[in-house]
file start_15.cif (mmCIF, C-alpha atoms)
data_data
loop_
_atom_site.group_PDB
_atom_site.id
_atom_site.type_symbol
_atom_site.label_atom_id
_atom_site.label_comp_id
_atom_site.auth_asym_id
_atom_site.auth_seq_id
_atom_site.Cartn_x
_atom_site.Cartn_y
_atom_site.Cartn_z
ATOM 1 C CA MET A 1 4.058 16.824 18.701
ATOM 2 C CA LEU A 2 2.358 13.536 17.941
ATOM 3 C CA LYS A 3 3.768 10.632 19.943
ATOM 4 C CA ASN A 4 1.831 7.808 18.273
ATOM 5 C CA TYR A 5 -0.947 7.163 15.796
ATOM 6 C CA ASP A 6 -3.543 6.805 18.557
ATOM 7 C CA GLU A 7 -3.311 10.575 19.091
ATOM 8 C CA LEU A 8 -4.695 11.334 15.627
ATOM 9 C CA SER A 9 -7.983 13.226 15.808
ATOM 10 C CA PRO A 10 -11.091 12.184 13.840
ATOM 11 C CA ILE A 11 -10.432 15.159 11.527
ATOM 12 C CA ALA A 12 -6.876 13.920 10.929
ATOM 13 C CA ILE A 13 -8.194 10.422 10.144
ATOM 14 C CA ASP A 14 -10.625 11.978 7.654
ATOM 15 C CA CYS A 15 -7.711 13.796 6.002
ATOM 16 C CA LEU A 16 -5.758 10.553 5.793
ATOM 17 C CA ARG A 17 -8.823 8.889 4.285
ATOM 18 C CA GLU A 18 -8.908 11.577 1.610
ATOM 19 C CA ILE A 19 -5.185 11.102 0.975
ATOM 20 C CA GLY A 20 -5.868 7.405 0.544
ATOM 21 C CA ASN A 21 -8.722 8.212 -1.831
ATOM 22 C CA ILE A 22 -6.607 10.520 -3.999
ATOM 23 C CA GLY A 23 -3.562 8.257 -3.944
ATOM 24 C CA SER A 24 -5.560 5.144 -4.790
ATOM 25 C CA GLY A 25 -7.349 6.998 -7.580
ATOM 26 C CA SER A 26 -4.017 8.015 -9.072
ATOM 27 C CA ALA A 27 -2.721 4.440 -8.823
ATOM 28 C CA ALA A 28 -5.917 3.155 -10.457
ATOM 29 C CA ASN A 29 -5.496 5.566 -13.372
ATOM 30 C CA ALA A 30 -1.888 4.446 -13.835
ATOM 31 C CA LEU A 31 -2.982 0.790 -13.809
ATOM 32 C CA SER A 32 -5.714 1.511 -16.323
ATOM 33 C CA SER A 33 -3.218 3.140 -18.710
ATOM 34 C CA MET A 34 -0.712 0.287 -18.386
ATOM 35 C CA LEU A 35 -3.238 -2.538 -18.688
ATOM 36 C CA GLY A 36 -5.443 -0.924 -21.307
ATOM 37 C CA LYS A 37 -8.415 -1.970 -19.194
ATOM 38 C CA ASN A 38 -11.151 -0.163 -17.303
ATOM 39 C CA VAL A 39 -10.071 0.138 -13.655
ATOM 40 C CA VAL A 40 -12.598 1.258 -11.041
ATOM 41 C CA MET A 41 -11.339 2.128 -7.556
ATOM 42 C CA ARG A 42 -13.211 1.171 -4.419
ATOM 43 C CA VAL A 43 -13.564 3.913 -1.817
ATOM 44 C CA PRO A 44 -10.752 3.234 0.672
ATOM 45 C CA ASP A 45 -11.331 2.767 4.374
ATOM 46 C CA VAL A 46 -8.535 4.178 6.539
ATOM 47 C CA SER A 47 -8.017 2.861 10.062
ATOM 48 C CA VAL A 48 -5.350 3.006 12.749
ATOM 49 C CA MET A 49 -4.629 -0.611 13.636
ATOM 50 C CA ASP A 50 -1.997 -2.611 15.400
ATOM 51 C CA TYR A 51 -0.072 -5.196 13.413
ATOM 52 C CA GLN A 52 -2.004 -8.165 14.753
ATOM 53 C CA GLU A 53 -5.326 -6.565 13.795
ATOM 54 C CA VAL A 54 -4.039 -6.062 10.241
ATOM 55 C CA ILE A 55 -2.924 -9.690 10.017
ATOM 56 C CA ASP A 56 -6.224 -10.984 11.393
ATOM 57 C CA ARG A 57 -8.290 -8.765 9.096
ATOM 58 C CA MET A 58 -6.406 -9.951 6.029
ATOM 59 C CA GLY A 59 -6.807 -13.646 6.731
ATOM 60 C CA GLY A 60 -4.205 -14.678 9.294
ATOM 61 C CA PRO A 61 -0.410 -15.017 9.469
ATOM 62 C CA GLU A 62 -0.194 -18.048 7.157
ATOM 63 C CA LYS A 63 -2.032 -16.444 4.240
ATOM 64 C CA VAL A 64 0.296 -16.124 1.225
ATOM 65 C CA ILE A 65 0.313 -12.728 -0.462
ATOM 66 C CA THR A 66 2.549 -10.465 -2.533
ATOM 67 C CA GLY A 67 4.134 -7.621 -0.592
ATOM 68 C CA ILE A 68 5.656 -4.616 -2.402
ATOM 69 C CA LEU A 69 7.625 -2.410 -0.035
ATOM 70 C CA VAL A 70 8.831 1.134 -0.725
ATOM 71 C CA ASN A 71 10.917 3.216 1.664
ATOM 72 C CA LEU A 72 10.148 6.945 1.786
ATOM 73 C CA ASP A 73 12.642 9.775 2.092
ATOM 74 C CA GLY A 74 12.746 13.546 1.714
ATOM 75 C CA ASP A 75 10.120 15.589 3.566
ATOM 76 C CA VAL A 76 8.352 12.362 4.550
ATOM 77 C CA ASN A 77 10.299 9.449 6.003
ATOM 78 C CA GLY A 78 8.823 6.019 6.506
ATOM 79 C CA MET A 79 7.461 3.148 4.470
ATOM 80 C CA ILE A 80 4.528 2.283 2.246
ATOM 81 C CA MET A 81 3.631 -1.332 1.587
ATOM 82 C CA PHE A 82 1.182 -2.714 -0.971
ATOM 83 C CA LEU A 83 -0.325 -6.076 -0.040
ATOM 84 C CA LEU A 84 -1.791 -7.786 -3.102
ATOM 85 C CA GLU A 85 -3.644 -11.053 -3.474
ATOM 86 C CA ASP A 86 -3.539 -13.645 -6.279
ATOM 87 C CA SER A 87 -6.269 -11.905 -8.283
ATOM 88 C CA PHE A 88 -3.971 -8.948 -8.985
ATOM 89 C CA ALA A 89 -1.185 -11.135 -10.368
ATOM 90 C CA LYS A 90 -3.665 -13.099 -12.487
ATOM 91 C CA VAL A 91 -5.079 -10.001 -14.193
ATOM 92 C CA VAL A 92 -1.689 -8.369 -14.763
ATOM 93 C CA LEU A 93 0.057 -11.482 -16.069
ATOM 94 C CA SER A 94 -2.816 -12.594 -18.297
ATOM 95 C CA THR A 95 -2.744 -9.115 -19.867
ATOM 96 C CA PHE A 96 0.991 -8.771 -20.419
ATOM 97 C CA LEU A 97 2.208 -12.349 -20.778
ATOM 98 C CA GLN A 98 -0.990 -14.274 -21.580
ATOM 99 C CA SER A 99 -0.201 -16.345 -18.473
ATOM 100 C CA GLU A 100 -3.129 -18.387 -17.198
ATOM 101 C CA ASN A 101 -3.790 -20.267 -13.941
ATOM 102 C CA VAL A 102 -1.281 -18.082 -12.121
ATOM 103 C CA SER A 103 -0.269 -18.706 -8.521
ATOM 104 C CA VAL A 104 1.989 -16.217 -6.754
ATOM 105 C CA MET A 105 3.904 -19.121 -5.233
ATOM 106 C CA THR A 106 5.162 -20.343 -8.618
ATOM 107 C CA LEU A 107 5.984 -17.148 -10.536
ATOM 108 C CA ASP A 108 9.094 -17.179 -12.690
ATOM 109 C CA GLU A 109 11.540 -14.267 -12.885
ATOM 110 C CA THR A 110 9.823 -12.641 -15.872
ATOM 111 C CA GLN A 111 6.455 -12.778 -14.147
ATOM 112 C CA LEU A 112 7.918 -11.405 -10.917
ATOM 113 C CA SER A 113 9.521 -8.564 -12.872
ATOM 114 C CA VAL A 114 6.163 -7.581 -14.382
ATOM 115 C CA ILE A 115 4.442 -7.569 -10.982
ATOM 116 C CA ARG A 116 7.327 -5.584 -9.493
ATOM 117 C CA GLU A 117 7.037 -2.974 -12.255
ATOM 118 C CA MET A 118 3.297 -2.663 -11.654
ATOM 119 C CA GLY A 119 4.063 -2.059 -7.968
ATOM 120 C CA ASN A 120 6.630 0.550 -8.941
ATOM 121 C CA ILE A 121 4.087 2.399 -11.086
ATOM 122 C CA MET A 122 1.370 2.202 -8.424
ATOM 123 C CA ALA A 123 3.691 3.452 -5.669
ATOM 124 C CA GLY A 124 5.019 6.265 -7.854
ATOM 125 C CA SER A 125 1.511 7.401 -8.782
ATOM 126 C CA TYR A 126 0.316 7.179 -5.183
ATOM 127 C CA LEU A 127 3.218 9.212 -3.816
ATOM 128 C CA SER A 128 3.107 11.736 -6.662
ATOM 129 C CA ALA A 129 -0.534 12.456 -5.810
ATOM 130 C CA LEU A 130 0.364 12.834 -2.132
ATOM 131 C CA SER A 131 3.247 15.155 -3.013
ATOM 132 C CA GLN A 132 1.028 17.352 -5.210
ATOM 133 C CA LEU A 133 -1.650 17.516 -2.512
ATOM 134 C CA THR A 134 0.741 18.569 0.252
ATOM 135 C CA GLY A 135 3.528 20.354 -1.632
ATOM 136 C CA LEU A 136 6.045 18.071 0.081
ATOM 137 C CA THR A 137 8.985 16.369 -1.594
ATOM 138 C CA ILE A 138 8.612 12.614 -1.215
ATOM 139 C CA ASP A 139 11.349 10.405 -2.620
ATOM 140 C CA MET A 140 10.909 6.651 -2.933
ATOM 141 C CA SER A 141 13.323 3.753 -3.014
ATOM 142 C CA VAL A 142 13.268 1.106 -5.712
ATOM 143 C CA PRO A 143 10.425 -1.191 -4.612
ATOM 144 C CA SER A 144 11.335 -4.549 -3.143
ATOM 145 C CA MET A 145 8.889 -7.394 -3.618
ATOM 146 C CA THR A 146 8.366 -10.661 -1.847
ATOM 147 C CA VAL A 147 5.853 -13.483 -1.959
ATOM 148 C CA ASP A 148 5.453 -14.987 1.482
ATOM 149 C CA MET A 149 3.103 -15.611 4.352
ATOM 150 C CA LEU A 150 1.519 -12.463 5.715
ATOM 151 C CA GLY A 151 3.080 -12.941 9.152
ATOM 152 C CA ALA A 152 6.579 -12.979 7.643
ATOM 153 C CA ILE A 153 5.923 -9.958 5.422
ATOM 154 C CA MET A 154 4.535 -7.925 8.319
ATOM 155 C CA SER A 155 7.616 -8.689 10.422
ATOM 156 C CA VAL A 156 9.598 -6.218 8.271
ATOM 157 C CA PRO A 157 7.794 -3.029 9.362
ATOM 158 C CA ILE A 158 7.385 -4.411 12.888
ATOM 159 C CA ILE A 159 11.174 -4.555 13.223
ATOM 160 C CA GLU A 160 12.102 -1.444 11.223
ATOM 161 C CA PHE A 161 9.553 0.848 12.872
ATOM 162 C CA ALA A 162 9.537 -0.515 16.397
ATOM 163 C CA GLU A 163 10.221 2.976 17.777
ATOM 164 C CA VAL A 164 6.984 4.283 16.211
ATOM 165 C CA GLY A 165 4.980 1.728 18.159
ATOM 166 C CA ASP A 166 2.740 -1.139 17.149
ATOM 167 C CA LYS A 167 0.216 0.912 15.142
ATOM 168 C CA VAL A 168 0.023 1.516 11.397
ATOM 169 C CA LEU A 169 -2.264 3.367 9.025
ATOM 170 C CA PHE A 170 -4.193 0.585 7.288
ATOM 171 C CA ILE A 171 -5.865 1.489 3.994
ATOM 172 C CA ASP A 172 -8.372 -1.129 2.891
ATOM 173 C CA ASP A 173 -9.067 -0.587 -0.788
ATOM 174 C CA GLY A 174 -8.963 -2.381 -4.087
ATOM 175 C CA PHE A 175 -9.937 -2.208 -7.720
ATOM 176 C CA VAL A 176 -12.387 -3.709 -10.144
ATOM 177 C CA ILE A 177 -10.623 -4.489 -13.435
ATOM 178 C CA ASP A 178 -12.913 -5.551 -16.284
ATOM 179 C CA GLY A 179 -15.417 -6.817 -13.733
ATOM 180 C CA VAL A 180 -12.830 -8.743 -11.700
ATOM 181 C CA ASP A 181 -12.632 -7.705 -8.044
ATOM 182 C CA ILE A 182 -8.994 -7.075 -7.071
ATOM 183 C CA LYS A 183 -8.406 -7.033 -3.337
ATOM 184 C CA SER A 184 -5.512 -4.901 -2.160
ATOM 185 C CA ASN A 185 -4.418 -3.178 0.998
ATOM 186 C CA ILE A 186 -1.921 -0.456 1.712
ATOM 187 C CA ILE A 187 0.024 0.031 4.915
ATOM 188 C CA LEU A 188 1.398 3.529 5.375
ATOM 189 C CA ILE A 189 3.959 4.004 8.121
ATOM 190 C CA PRO A 190 5.312 7.551 8.247
ATOM 191 C CA GLU A 191 7.660 8.382 11.093
ATOM 192 C CA MET A 192 5.922 10.496 13.710
ATOM 193 C CA ALA A 193 7.750 13.722 12.757
ATOM 194 C CA SER A 194 6.761 13.132 9.128
ATOM 195 C CA LEU A 195 3.152 12.462 10.099
ATOM 196 C CA ALA A 196 3.120 15.743 12.023
ATOM 197 C CA THR A 197 4.507 17.501 8.935
ATOM 198 C CA LEU A 198 1.753 15.973 6.805
ATOM 199 C CA MET A 199 -0.949 17.015 9.247
ATOM 200 C CA THR A 200 0.439 20.571 9.434
ATOM 201 C CA LYS A 201 0.476 20.841 5.638
ATOM 202 C CA LEU A 202 -3.123 19.661 5.560
ATOM 203 C CA GLY A 203 -4.094 22.234 8.186
ATOM 204 C CA VAL A 204 -5.223 19.856 10.902
ATOM 205 C CA MET A 205 -2.481 20.552 13.467
#
call {"tool": "encode", "arguments": {"input": "start_15.cif", "output": "structure tokens"}}
result
Amino acid sequence: MLKNYDELSPIAIDCLREIGNIGSGSAANALSSMLGKNVVMRVPDVSVMDYQEVIDRMGGPEKVITGILVNLDGDVNGMIMFLLEDSFAKVVLSTFLQSENVSVMTLDETQLSVIREMGNIMAGSYLSALSQLTGLTIDMSVPSMTVDMLGAIMSVPIIEFAEVGDKVLFIDDGFVIDGVDIKSNIILIPEMASLATLMTKLGVM
């Protein structure tokens, strides 16, 4: 039985990288359909990191980003969090609302609702791909969204998943939408029993 993420083998990390690849590809296709734009996915890089490493890699605790958090239930329990920068909001809101010069710090309720719905679609597509790959039932909560400093956003999983330890699965990916580079990151935090279930289904345990 896995006790923490540090015990994952290189083969298991490769499997998680492929999950990230498939999930991100599915999310990119969903975005492309919704936006009516060409969306190209970058090949994701999957790492096991502690929270401070994630914060440092993304620009420090005071960097303001959009966090979309989804709790997982069913055969896989845990959390998935999308961390999106200003460029994502600008492309989405200019497409749907013709909003220009967007800053995530000054979004109105309509704009927030559009971003939240995009997060909902991305999370649903990501988890649907994971479910099809593994044959597991993965239910998701209604996404909650916040715009805040990265340090504050990361405090949520730190508190909720303290028993799992201080490591997370960090998926560094992103999209290119009509030539605009969209930086995004995904943090996947399955509970250890759920991670073991995933690994067993993928044949690496």
call {"tool": "closest_residue", "arguments": {"input": "start_15.cif", "among": "A:Ala28, A:Leu72, A:Ala193, A:Met79", "to": "A:Phe161", "atoms": "only C-alpha atoms"}}
result
A:Met79
call {"tool": "closest_atom_pairs", "arguments": {"input": "start_15.cif", "of": "stretch 55-141 of chain A", "to": "stretch 174-192 of chain A", "cutoff": "10 Å", "atoms": "all atoms listed in the file", "output": "tab-separated table"}}
result
residue	atom	partner	partner_atom	distance
A:Met58	CA	A:Asn185	CA	8.7
A:Ile65	CA	A:Ser184	CA	9.9
A:Thr66	CA	A:Ser184	CA	9.8
A:Gly67	CA	A:Ile186	CA	9.7
A:Ile68	CA	A:Ile186	CA	9.6
A:Leu69	CA	A:Ile187	CA	9.4
A:Val70	CA	A:Leu188	CA	9.9
A:Asn71	CA	A:Ile189	CA	9.5
A:Leu72	CA	A:Pro190	CA	8.1
A:Asp73	CA	A:Pro190	CA	9.8
A:Val76	CA	A:Pro190	CA	6.8
A:Asn77	CA	A:Pro190	CA	5.8
A:Gly78	CA	A:Pro190	CA	4.2
A:Met79	CA	A:Ile189	CA	5.1
A:Ile80	CA	A:Leu188	CA	4.6
A:Met81	CA	A:Ile187	CA	5.1
A:Phe82	CA	A:Ile186	CA	4.7
A:Leu83	CA	A:Asn185	CA	5.1
A:Leu84	CA	A:Ser184	CA	4.8
A:Glu85	CA	A:Lys183	CA	6.2
A:Asp86	CA	A:Ile182	CA	8.6
A:Ser87	CA	A:Ile182	CA	5.7
A:Phe88	CA	A:Ile182	CA	5.7
A:Ala89	CA	A:Ile182	CA	9.4
A:Lys90	CA	A:Ile182	CA	9.7
A:Val91	CA	A:Ile177	CA	7.9
A:Val92	CA	A:Ile177	CA	9.8
call {"tool": "axis_aligned_box", "arguments": {"input": "start_15.cif", "around": "stretch 144-152 of chain A", "padding_each_side": "6 Å", "output": "lines of an AutoDock Vina configuration file"}}
result
center_x = 6.4
center_y = -10.1
center_z = 2.8
size_x = 21.8
size_y = 23.1
size_z = 24.8
call {"tool": "closest_atom_pairs", "arguments": {"input": "start_15.cif", "of": "stretch 60-140 of chain A", "to": "stretch 3-23 of chain A", "cutoff": "10 Å", "atoms": "only C-alpha atoms", "output": "Markdown table"}}
result
| residue | atom | partner | partner_atom | distance |
| --- | --- | --- | --- | --- |
| A:Met122 | CA | A:Gly23 | CA | 9.0 |
| A:Ala123 | CA | A:Gly23 | CA | 8.9 |
| A:Gly124 | CA | A:Gly23 | CA | 9.6 |
| A:Ser125 | CA | A:Gly23 | CA | 7.1 |
| A:Tyr126 | CA | A:Gly23 | CA | 4.2 |
| A:Leu127 | CA | A:Gly23 | CA | 6.8 |
| A:Ser128 | CA | A:Gly23 | CA | 8.0 |
| A:Ala129 | CA | A:Gly23 | CA | 5.5 |
| A:Leu130 | CA | A:Gly23 | CA | 6.3 |
| A:Ser131 | CA | A:Gly23 | CA | 9.7 |
| A:Leu133 | CA | A:Ile19 | CA | 8.1 |
| A:Thr134 | CA | A:Ile19 | CA | 9.6 |
call {"tool": "atom_distance", "arguments": {"input": "start_15.cif", "atom1": "atom CA of A:Thr110", "atom2": "atom CA of A:Pro143"}}
result
16.1 Å
call {"tool": "closest_residue", "arguments": {"input": "start_15.cif", "among": "A:Gly203, A:Gly74, A:Pro61, A:Gly25", "to": "A:Leu136", "atoms": "only C-alpha atoms"}}
result
A:Gly74
call {"tool": "atom_distance", "arguments": {"input": "start_15.cif", "atom1": "atom CA of A:Gln98", "atom2": "atom CA of A:Met118"}}
result
15.9 Å
call {"tool": "atom_distance", "arguments": {"input": "start_15.cif", "atom1": "atom CA of A:Val40", "atom2": "atom CA of A:Glu117"}}
result
20.1 Å
call {"tool": "residues_near_point", "arguments": {"input": "start_15.cif", "point": "(-0.9, -0.4, -14.4)", "cutoff": "7 Å", "atoms": "all atoms listed in the file", "output": "list of chain:residue names"}}
result
A:Ala30, A:Leu31, A:Ser32, A:Ser33, A:Met34, A:Leu35, A:Met118, A:Ile121, A:Met122
call {"tool": "write_last_selection", "arguments": {"input": "start_15.cif", "atoms": "C-alpha atoms", "output": "tab-separated table (two decimals), in the frame of the given file"}}
result
chain	number	residue	atom	x	y	z
A	30	ALA	CA	-1.89	4.45	-13.84
A	31	LEU	CA	-2.98	0.79	-13.81
A	32	SER	CA	-5.71	1.51	-16.32
A	33	SER	CA	-3.22	3.14	-18.71
A	34	MET	CA	-0.71	0.29	-18.39
A	35	LEU	CA	-3.24	-2.54	-18.69
A	118	MET	CA	3.30	-2.66	-11.65
A	121	ILE	CA	4.09	2.40	-11.09
A	122	MET	CA	1.37	2.20	-8.42
call {"tool": "build_atoms", "arguments": {"input": "start_15.cif", "residues": "stretch 36-54 of chain A", "atoms": "N, CA, C and O atoms", "output": "compact mmCIF listing (two decimals), in the frame of the given file"}}
result
# COMPACT_ATOMS: atom_id res chain seq x y z
N GLY A 36 -4.49 -1.13 -20.23
CA GLY A 36 -5.44 -0.92 -21.31
C GLY A 36 -6.82 -1.46 -20.96
O GLY A 36 -7.58 -1.88 -21.82
N LYS A 37 -7.13 -1.45 -19.68
CA LYS A 37 -8.41 -1.97 -19.19
C LYS A 37 -9.09 -0.93 -18.32
O LYS A 37 -8.44 -0.04 -17.76
N ASN A 38 -10.40 -1.06 -18.18
CA ASN A 38 -11.15 -0.16 -17.30
C ASN A 38 -10.88 -0.55 -15.84
O ASN A 38 -11.09 -1.69 -15.45
N VAL A 39 -10.39 0.39 -15.06
CA VAL A 39 -10.07 0.14 -13.66
C VAL A 39 -10.92 1.07 -12.79
O VAL A 39 -10.84 2.30 -12.92
N VAL A 40 -11.74 0.49 -11.94
CA VAL A 40 -12.60 1.26 -11.04
C VAL A 40 -12.09 1.08 -9.62
O VAL A 40 -11.90 -0.06 -9.16
N MET A 41 -11.87 2.17 -8.92
CA MET A 41 -11.34 2.13 -7.56
C MET A 41 -12.48 2.01 -6.55
O MET A 41 -13.51 2.66 -6.69
N ARG A 42 -12.29 1.18 -5.55
CA ARG A 42 -13.21 1.17 -4.42
C ARG A 42 -12.84 2.30 -3.46
O ARG A 42 -11.67 2.65 -3.33
N VAL A 43 -13.83 2.86 -2.80
CA VAL A 43 -13.56 3.91 -1.82
C VAL A 43 -12.77 3.31 -0.66
O VAL A 43 -13.21 2.33 -0.04
N PRO A 44 -11.58 3.84 -0.38
CA PRO A 44 -10.75 3.23 0.67
C PRO A 44 -11.27 3.54 2.07
O PRO A 44 -11.88 4.58 2.32
N ASP A 45 -11.03 2.60 2.96
CA ASP A 45 -11.33 2.77 4.37
C ASP A 45 -10.00 2.86 5.12
O ASP A 45 -9.16 1.96 5.01
N VAL A 46 -9.79 3.95 5.83
CA VAL A 46 -8.54 4.18 6.54
C VAL A 46 -8.75 3.98 8.03
O VAL A 46 -9.65 4.58 8.63
N SER A 47 -7.92 3.13 8.63
CA SER A 47 -8.02 2.86 10.06
C SER A 47 -6.63 2.89 10.68
O SER A 47 -5.63 2.64 10.01
N VAL A 48 -6.58 3.19 11.97
CA VAL A 48 -5.35 3.01 12.75
C VAL A 48 -5.47 1.66 13.43
O VAL A 48 -6.40 1.42 14.21
N MET A 49 -4.56 0.75 13.10
CA MET A 49 -4.63 -0.61 13.64
C MET A 49 -3.27 -1.04 14.15
O MET A 49 -2.24 -0.54 13.69
N ASP A 50 -3.28 -2.00 15.06
CA ASP A 50 -2.00 -2.61 15.40
C ASP A 50 -1.73 -3.76 14.42
O ASP A 50 -2.60 -4.17 13.66
N TYR A 51 -0.49 -4.21 14.41
CA TYR A 51 -0.07 -5.20 13.41
C TYR A 51 -0.92 -6.46 13.46
O TYR A 51 -1.28 -7.02 12.42
N GLN A 52 -1.24 -6.92 14.64
CA GLN A 52 -2.00 -8.16 14.75
C GLN A 52 -3.40 -8.00 14.18
O GLN A 52 -3.94 -8.92 13.54
N GLU A 53 -4.00 -6.83 14.38
CA GLU A 53 -5.33 -6.56 13.80
C GLU A 53 -5.27 -6.62 12.27
O GLU A 53 -6.17 -7.15 11.62
N VAL A 54 -4.21 -6.03 11.70
CA VAL A 54 -4.04 -6.06 10.24
C VAL A 54 -3.95 -7.50 9.75
O VAL A 54 -4.63 -7.90 8.79
